[in-house]
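Here's the structure, in structure tokens; my notes come after.
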Amino acid sequence: MKKENPLRERSFSNFGFSTILISFTMICIVTFLALSLITANADYKLSKKTAEKTKEYYAAQESAYNGIADISEILETAYNESQDRRSYESKAVSLLQNYRNTTTFLQFDMDTANALCCTVPISDTQILTFTLQPCYPEKSSHDLYRLTDWHVITNPPEPDTTLHLLENN
């Protein structure tokens, strides 16, 4: 009888364990790679969206500052052309109403106390609102208005109830 070599049988069993170990390691690496790519893509999209919203806000803020500068010039003109508080207020109201009819980027209304409630659109769902209270300065170096309110109002968009099966990029 011929004896078989015991090493030949053993080499086959050692080969299986190392293959399973390498396969499991590769599956883990590929899984973590896929999760990393998905997370990086989501972070990129969120960063783009945040940058766009920030850009829209600062554009609206710049429009608001330009409107405040225009209103300040109007109030200064009214102050320089008036002799007392009453003539200043009537002149300011008249000039501001003319300005309201000509401006396109700033909408505002005057309430009973002559406060200017101004709005600047930021996006479809957000508006920047601020309130200016004109005041008659006792000295020419004093302010012609007070900024009493500045905030963003967000109207929630309609909920999307559709079922997105495929995303088109």
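Each chain of the structure tokens is named A, B, ... in the order shown, its residues numbered from 1; ligands are numbered from 1 in display order.
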
> Quick one: residues within 12 Å of A:Lys53, only C-alpha atoms counted, chain neighbours fewer than 3 positions away excluded, as a PyMOL selection string?
Replying inline: chain A and resi 46-50+56-60+122-126

Please provide the set of residues having any atom within 12 Å of A:Asp143, restricted to only C-alpha atoms, with same-chain residues fewer than 5 positions apart removed, written as an mmCIF file with N, CA, C and O atoms, in the first residue's frame.
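selection-v2.cif was written with the following content:
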```
data_model
loop_
_atom_site.group_PDB
_atom_site.id
_atom_site.type_symbol
_atom_site.label_atom_id
_atom_site.label_comp_id
_atom_site.auth_asym_id
_atom_site.auth_seq_id
_atom_site.Cartn_x
_atom_site.Cartn_y
_atom_site.Cartn_z
ATOM 1 N N SER A 72 -32.421 107.667 4.159
ATOM 2 C CA SER A 72 -31.645 108.632 4.946
ATOM 3 C C SER A 72 -31.430 109.928 4.162
ATOM 4 O O SER A 72 -31.554 111.028 4.717
ATOM 5 N N GLU A 73 -31.121 109.812 2.872
ATOM 6 C CA GLU A 73 -30.968 111.008 2.041
ATOM 7 C C GLU A 73 -32.275 111.783 1.927
ATOM 8 O O GLU A 73 -32.281 113.018 1.964
ATOM 9 N N LEU A 75 -34.740 111.823 4.136
ATOM 10 C CA LEU A 75 -34.997 112.473 5.423
ATOM 11 C C LEU A 75 -34.065 113.668 5.625
ATOM 12 O O LEU A 75 -34.474 114.689 6.190
ATOM 13 N N GLU A 76 -32.843 113.561 5.149
ATOM 14 C CA GLU A 76 -31.911 114.682 5.259
ATOM 15 C C GLU A 76 -32.375 115.856 4.389
ATOM 16 O O GLU A 76 -32.315 117.015 4.805
ATOM 17 N N TYR A 79 -35.242 117.449 6.140
ATOM 18 C CA TYR A 79 -34.760 118.225 7.297
ATOM 19 C C TYR A 79 -34.158 119.554 6.859
ATOM 20 O O TYR A 79 -34.400 120.594 7.472
ATOM 21 N N LEU A 132 -38.073 101.278 10.182
ATOM 22 C CA LEU A 132 -37.365 102.527 10.449
ATOM 23 C C LEU A 132 -38.354 103.522 11.037
ATOM 24 O O LEU A 132 -39.451 103.694 10.507
ATOM 25 N N GLN A 133 -37.963 104.168 12.101
ATOM 26 C CA GLN A 133 -38.792 105.199 12.720
ATOM 27 C C GLN A 133 -38.113 106.543 12.483
ATOM 28 O O GLN A 133 -37.101 106.841 13.103
ATOM 29 N N PRO A 134 -38.655 107.365 11.549
ATOM 30 C CA PRO A 134 -38.063 108.688 11.358
ATOM 31 C C PRO A 134 -38.223 109.524 12.621
ATOM 32 O O PRO A 134 -39.220 109.430 13.326
ATOM 33 N N CYS A 135 -37.221 110.306 12.923
ATOM 34 C CA CYS A 135 -37.312 111.181 14.090
ATOM 35 C C CYS A 135 -36.723 112.546 13.731
ATOM 36 O O CYS A 135 -35.847 112.665 12.880
ATOM 37 N N TYR A 136 -37.242 113.552 14.392
ATOM 38 C CA TYR A 136 -36.785 114.917 14.150
ATOM 39 C C TYR A 136 -35.588 115.175 15.048
ATOM 40 O O TYR A 136 -35.693 115.135 16.268
ATOM 41 N N PRO A 137 -34.427 115.422 14.456
ATOM 42 C CA PRO A 137 -33.243 115.630 15.295
ATOM 43 C C PRO A 137 -33.243 117.019 15.930
ATOM 44 O O PRO A 137 -33.637 118.001 15.311
ATOM 45 N N GLU A 138 -32.835 117.070 17.181
ATOM 46 C CA GLU A 138 -32.732 118.367 17.866
ATOM 47 C C GLU A 138 -31.536 119.149 17.339
ATOM 48 O O GLU A 138 -31.558 120.374 17.301
#
```

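Take atom CA of A:Leu21 and atom CA of A:Leu37: the distance between them is 24.5 Å.
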
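Straight-line separation from atom CA of A:Glu89 to atom CA of A:Ala115: 11.4 Å.
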
> Near A:Gln97, counting only C-alpha atoms, which residues have an atom at most 12 Å away, once you skip same-chain residues fewer than 6 positions from it, shown as a PyMOL selection string?
Replying inline: chain A and resi 71+74-75+90-91+103+107-110+114+116

>> Which residue is closest to A:Phe130? Choose from A:Val152, A:Leu144, A:Ile20, A:Val93 and count only C-alpha atoms.
In response: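 Closest to A:Phe130, using only C-alpha atoms: A:Val152.
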
>> Which of chain A end up as strand (DSSP E or B) when DSSP is run on this backbone - answer as a PyMOL selection string?
In response: chain A and resi 107-110+116-121+126-134+145-154

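Residues of stretch 85-163 of chain A that DSSP, applied to the backbone, places in helix (DSSP H, G or I): Arg85, Arg86, Ser87, Tyr88, Glu89, Ser90, Lys91, Ala92, Val93, Ser94, Leu95, Leu96, Gln97, Asn98, Tyr99, Arg100, Asn101 and Thr102 of chain A.
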
>> So that I can check the surroundings of A:Asp70, please list as a ChimeraX atom specification every protein, DNA and RNA residue that reaches within 12 Å of it, counting only C-alpha atoms and ignoring chain neighbours fewer than 6 positions away.
In response: /A:63-64,76-77,95-96,99-100,102-103,105-106

Dump as a compact mmCIF listing (two decimals), in the first residue's frame, selection limited to N, CA, C and O atoms:
```
# COMPACT_ATOMS: atom_id res chain seq x y z
N SER A 63 -29.52 95.21 -0.63
CA SER A 63 -30.65 96.00 -1.10
C SER A 63 -31.28 96.79 0.04
O SER A 63 -31.67 97.95 -0.14
N ALA A 64 -31.39 96.16 1.20
CA ALA A 64 -31.95 96.85 2.36
C ALA A 64 -31.06 98.03 2.77
O ALA A 64 -31.56 99.13 3.05
N GLU A 76 -32.84 113.56 5.15
CA GLU A 76 -31.91 114.68 5.26
C GLU A 76 -32.37 115.86 4.39
O GLU A 76 -32.32 117.01 4.81
N THR A 77 -32.87 115.56 3.19
CA THR A 77 -33.41 116.61 2.33
C THR A 77 -34.62 117.27 2.99
O THR A 77 -34.74 118.51 2.98
N LEU A 95 -42.05 113.16 0.49
CA LEU A 95 -40.89 112.63 -0.25
C LEU A 95 -40.83 111.10 -0.19
O LEU A 95 -40.47 110.44 -1.18
N LEU A 96 -41.17 110.53 0.95
CA LEU A 96 -41.14 109.07 1.09
C LEU A 96 -42.23 108.41 0.24
O LEU A 96 -42.00 107.34 -0.32
N TYR A 99 -40.90 108.36 -3.20
CA TYR A 99 -39.87 107.33 -3.29
C TYR A 99 -40.48 105.94 -3.38
O TYR A 99 -40.02 105.09 -4.15
N ARG A 100 -41.54 105.70 -2.62
CA ARG A 100 -42.21 104.40 -2.63
C ARG A 100 -42.76 104.08 -4.02
O ARG A 100 -42.74 102.95 -4.46
N THR A 102 -41.45 104.99 -6.84
CA THR A 102 -40.39 104.85 -7.84
C THR A 102 -39.44 103.68 -7.56
O THR A 102 -38.78 103.22 -8.47
N THR A 103 -39.36 103.21 -6.34
CA THR A 103 -38.41 102.13 -6.01
C THR A 103 -38.97 100.78 -6.44
O THR A 103 -40.18 100.56 -6.42
N PHE A 105 -36.88 97.69 -5.64
CA PHE A 105 -36.28 96.62 -4.84
C PHE A 105 -36.72 96.64 -3.38
O PHE A 105 -36.46 95.71 -2.65
N LEU A 106 -37.40 97.69 -2.97
CA LEU A 106 -37.78 97.83 -1.56
C LEU A 106 -39.25 98.20 -1.48
O LEU A 106 -39.67 99.18 -2.08
```

>> When you count only C-alpha atoms, which of these residues is closest to A:Thr119: A:Ser87, A:Ser141, A:Thr131, A:Asn66?
In response: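 Using only C-alpha atoms, A:Thr119 sits closest to A:Thr131.
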
> To one decimal place, how far is atom CA of A:Thr129 from atom CA of A:Gln61 in Å?
Replying inline: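 It comes out at 9.9 Å.
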